[in-house]
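**Student:** First, the structure itself, so that you have it in front of you.
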Amino acid sequence: MRMKRLITIALSAFAIAFLVWRFIRPMNIYIVEEKFERPIPAAIPAGLRSLRAEECGNCHQEIYQEWSHSMHAKAWSEPYFQADFVYDDSKQTCLNCHTPLENQQENRVLGFKDREKFHPILERNPDYDPLLRDEGVTCAVCHVREGKIVGPFSTSTAPHPVVAAPEMASGMRPCDRCHVVSGKKWDTFYAMPPCGTAVEIEKGGQQPDCIGCHMPAVIRPAAKGGFKREGRMHLFQGGHFPDQVKKALKVESQKVSANQYRFTLTNVGTAHYLPTGTPDRHLTLEVRLVDAQGQVLKEKTYTMKRYVLWRPFIVDLRDTRLPYGEPREYYFVFPAQRQRTPATLDVIVQYHLLDEARRRKIGYNNTEPIAYPIYHETIVLGASGD
């Protein structure tokens with residue numbers, strides 16, 4: 001009996017210690033896969049003096065201007081990434097997507113101290129170029145392979161020969177190195193990977209085509225002085241670009257009774273969920289009943305978000321975001337007793353790049369809003385307030 005009691009106490013102590021460790025341990029929410037465990041080796045192709053986008057821009061002027069306003073160009077310098085990077089102990093694997101080229105990193109990766117590959121063995125990189133680092137996901141990340149320029153077409157008339165890589169014309173081949181991340185571990189129970197954009201599209205019965213949506217087709221010369229042909233704009237617009245997000249959302253409002261309105265939100269513009277990307281991103285539908293003096297009589301907020309339990313285990317709890325083509329209905333009921341007459345119903349849908357709690361946790365002192373409106377409607381009510 002005494003032995004049984006001791007075993008029970010020992011097992012209980014182990015379980016408590018295990019759970020405590022699960023709550024305080026460093027947390028890794030993804031798998032370091034072979035495709036991005038190391039930076040990309042980057043030899044300068046013949047005909048070029050460097051790998052910098054600035055040099056590419058001498059000839060590819062329009063493409064350079066488009067890229068320079070994209071989040072790819074800000075992948076290293078963007079303030080939120082910098083705050084998050086420091087908060088997460090400046091993990092080497094973050095650099096392998098935000099500054100993917102070997103010459104963009106101060107250190108070379110020789111190997112790993114751990115099986116999960118979050119603790120690399122490093123040595124100083126003699127070819128480190130800080131100006132190239134500042135370009136983030138620069139041109140060479142997608143267009144240089146084994147010392148050669150690659151593109152959707154081949155040519156021998158350019159100052160640097162170009163080798164054809166047809167997969168760069170459509171699909172997601174150049175993107176999946178960093179935008180398709182696995183989360184399959186013994187202690188995680190994701191319904192889809194941590195940034196599950198591709199899985200969301202496949203779940204809807206379609207094939208992912210990052211290039212088709214985020215790099216719109218265009219007819220123009222690829223370089224200054226060239227001939228016109230079909231190409232792609234290098235905009236890479238997503239959640240940081242309100243006009244891009246607005247195109248994906250349809251909002252319908254309908255009065256269904258004397259004291260009730262229905263709002264139908266439909267993702268009409270993107271094959272993945274709205275929003276997608278990091279789990280912190282979410283939408284809110286905010287409805288406010290306002291009197292003639294601007295006083296709020298009642299307000300209600302609906303949140304469309306991916307809810308994840310992060311500790312002690314990672315578990316997808318529920319997902320209220322908008323799948324492609326599936327209308328979602330939300331209702332607003334007027335208060336039964338009201339002393340003042342309602343004048344308008346104010347309806348706002350906001351896109352949130354970051355959860356406020358996360359912003360405070362990582363110490364991100366943003367100078368730009370972390371949320372912006374993508375739909376706004378003011379419904380003028382009748383004299384009776386309905």
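Letters A, B, ... go to the chains of the structure tokens in the order shown; residues in each chain start at 1; ligands are counted from 1 in the same order.
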Identify, with DSSP run on backbone atoms, the residues in stretch 179-343 of chain A assigned to strand (DSSP E), and express the list as a PyMOL selection string.

**Tutor:** chain A and resi 188-189+217-221+228-232+249-257+260-267+282-291+296-304+306-309+314-319+328-333+342-343

**Student:** Grab the residues selected above and save them as a tab-separated table (two decimals), in the first residue's frame with C-alpha atoms.

**Tutor:**
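Listed below is the output, selection-v7.tsv:
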chain	number	residue	atom	x	y	z
A	188	THR	CA	0.60	20.07	-31.63
A	189	PHE	CA	-2.96	19.53	-32.81
A	217	ALA	CA	-0.52	39.75	-65.28
A	218	VAL	CA	0.69	42.68	-67.38
A	219	ILE	CA	1.88	43.28	-70.96
A	220	ARG	CA	5.06	45.38	-70.98
A	221	PRO	CA	8.81	45.19	-71.57
A	228	LYS	CA	6.45	44.03	-74.85
A	229	ARG	CA	5.37	40.61	-73.70
A	230	GLU	CA	3.27	38.99	-71.00
A	231	GLY	CA	4.77	39.33	-67.55
A	232	ARG	CA	3.84	39.85	-63.93
A	249	LEU	CA	-15.03	41.11	-49.03
A	250	LYS	CA	-18.73	41.54	-49.90
A	251	VAL	CA	-21.05	42.96	-47.22
A	252	GLU	CA	-24.85	42.96	-47.48
A	253	SER	CA	-27.21	44.54	-44.95
A	254	GLN	CA	-30.92	43.80	-44.66
A	255	LYS	CA	-33.69	44.87	-42.31
A	256	VAL	CA	-35.42	41.64	-41.26
A	257	SER	CA	-37.91	43.05	-38.75
A	260	GLN	CA	-33.49	43.67	-36.24
A	261	TYR	CA	-30.90	43.87	-39.03
A	262	ARG	CA	-28.95	41.08	-40.69
A	263	PHE	CA	-25.44	41.51	-42.10
A	264	THR	CA	-24.07	38.94	-44.52
A	265	LEU	CA	-20.31	38.79	-45.04
A	266	THR	CA	-18.89	36.75	-47.92
A	267	ASN	CA	-15.31	36.14	-48.96
A	282	HIS	CA	-8.59	38.74	-37.72
A	283	LEU	CA	-11.66	40.67	-38.84
A	284	THR	CA	-14.22	42.46	-36.69
A	285	LEU	CA	-17.75	43.47	-37.60
A	286	GLU	CA	-18.72	46.40	-35.39
A	287	VAL	CA	-22.34	47.62	-35.32
A	288	ARG	CA	-23.38	50.71	-33.34
A	289	LEU	CA	-26.85	52.14	-32.83
A	290	VAL	CA	-26.51	55.93	-32.56
A	291	ASP	CA	-28.95	58.73	-31.72
A	296	VAL	CA	-24.18	55.21	-28.78
A	297	LEU	CA	-27.34	53.44	-27.63
A	298	LYS	CA	-26.06	49.89	-28.24
A	299	GLU	CA	-23.06	48.28	-29.88
A	300	LYS	CA	-22.06	44.74	-30.78
A	301	THR	CA	-18.84	43.30	-32.16
A	302	TYR	CA	-18.37	40.00	-33.98
A	303	THR	CA	-14.85	38.61	-34.42
A	304	MET	CA	-13.73	36.39	-37.30
A	306	ARG	CA	-8.59	31.57	-35.65
A	307	TYR	CA	-8.64	30.62	-31.97
A	308	VAL	CA	-5.60	28.60	-30.90
A	309	LEU	CA	-4.61	27.29	-27.46
A	314	ILE	CA	-0.95	23.74	-29.23
A	315	VAL	CA	-4.58	23.03	-30.13
A	316	ASP	CA	-6.79	24.57	-32.81
A	317	LEU	CA	-9.97	25.30	-30.87
A	318	ARG	CA	-12.20	26.90	-33.51
A	319	ASP	CA	-12.04	29.02	-36.63
A	328	ARG	CA	-21.83	34.18	-42.95
A	329	GLU	CA	-24.76	35.93	-41.23
A	330	TYR	CA	-24.59	38.23	-38.21
A	331	TYR	CA	-27.53	39.89	-36.46
A	332	PHE	CA	-28.06	43.13	-34.58
A	333	VAL	CA	-31.17	43.51	-32.40
A	342	PRO	CA	-32.07	55.93	-32.79
A	343	ALA	CA	-30.97	57.91	-35.84

**Student:** Where does DSSP see helix (DSSP H, G or I) in stretch 166-380 of chain A, if you list the residues as a ChimeraX atom specification?

**Tutor:** /A:166-168,176-179,197-203,210-214,242-246,356-362

**Student:** Can you tell me, as a compact mmCIF listing (two decimals) with C-alpha atoms, in the first residue's frame, what residues are no more than 8 Å from stretch 78-85 of chain A when counting only C-alpha atoms, ignoring any on the same chain fewer than 3 positions away?

**Tutor:**
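Once written, part18.txt looks like this:
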# COMPACT_ATOMS: atom_id res chain seq x y z
CA MET A 71 6.34 43.89 -47.89
CA LYS A 74 10.50 45.41 -45.97
CA ALA A 75 10.85 41.82 -44.79
CA ASP A 88 11.50 35.36 -29.98
CA ASP A 89 15.23 35.41 -29.15
CA SER A 90 16.35 36.36 -32.68
CA LYS A 91 15.96 32.85 -34.08
CA CYS A 94 13.44 33.68 -39.01
CA ILE A 362 6.19 41.78 -27.55
CA GLY A 363 6.60 45.49 -26.81
CA TYR A 364 5.74 46.64 -30.31
CA ASN A 366 3.67 50.87 -33.48

**Student:** Have a look at A:Gln105, A:Tyr30, A:Val137, A:Pro152 and name the one nearest to A:Gly196; count only C-alpha atoms.

**Tutor:**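 For A:Gly196, the nearest of the given residues is A:Tyr30.
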
**Student:** Restricting the calculation to only C-alpha atoms, which member of A:Tyr64, A:Phe23, A:Tyr273, A:Phe236 is positioned closest to A:Arg321?

**Tutor:**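 Distance minimum relative to A:Arg321 lands on A:Tyr273.
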
**Student:** Rounded to one decimal place, report the atom CA of A:Pro275-atom CA of A:Asp134 distance in Å.

**Tutor:**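 Those two atoms sit 27.9 Å apart.
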
**Student:** Which residues are near A:Thr378? Cut-off 9 Å, only C-alpha atoms, ignore same chain within fewer than 2 positions. Put them as a PyMOL selection string.

**Tutor:** chain A and resi 344-348+376+380

**Student:** I need the residues from that last selection saved to file as a compact mmCIF listing (two decimals), in the first residue's frame (with C-alpha atoms), if you can.

**Tutor:**
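Result file is result_11.txt:
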# COMPACT_ATOMS: atom_id res chain seq x y z
CA THR A 344 -28.38 55.73 -37.58
CA LEU A 345 -26.86 52.28 -37.58
CA ASP A 346 -23.08 52.50 -38.07
CA VAL A 347 -21.48 49.39 -39.58
CA ILE A 348 -17.70 48.90 -39.80
CA HIS A 376 -18.09 51.29 -43.65
CA VAL A 380 -30.18 56.13 -41.76

**Student:** A:Leu110: which residues within 9 Å, counting only C-alpha atoms, same-chain residues fewer than 3 positions away excluded, as JSON, numbers by chain?

**Tutor:** {"A": [120, 121, 122, 123]}

**Student:** List as a ChimeraX atom specification the protein and nucleic acid residues near A:Pro216, meaning an atom at most 12 Å away when only C-alpha atoms are counted, but skip any in the same chain fewer than 5 places from it.

**Tutor:** /A:66,169-170,209-211,230-237,244

**Student:** Identify which of the residues A:Leu353, A:Ala42, A:Leu132, A:Val162 lies closest to A:Val245, counting only C-alpha atoms when measuring atom-to-atom distances.

**Tutor:**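 Residue with the minimum atom-to-atom distance to A:Val245: A:Leu353.
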
**Student:** Give me the residues near A:Pro208 as a PyMOL selection string, where near means some atom within 8 Å (using only C-alpha atoms) and where sequence neighbours in that chain fewer than 6 positions away do not count.

**Tutor:** chain A and resi 171-172+198+201-202+271

**Student:** How far is it from atom CA of A:Cys213 to atom CA of A:Thr270, in Å with one decimal?

**Tutor:**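 Distance reported for this atom pair: 8.2 Å.
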
**Student:** Work out how far atom CA of A:Arg133 is from atom CA of A:Gly238, in Å to one decimal.

**Tutor:**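 Between these atoms lies a distance of 22.3 Å.
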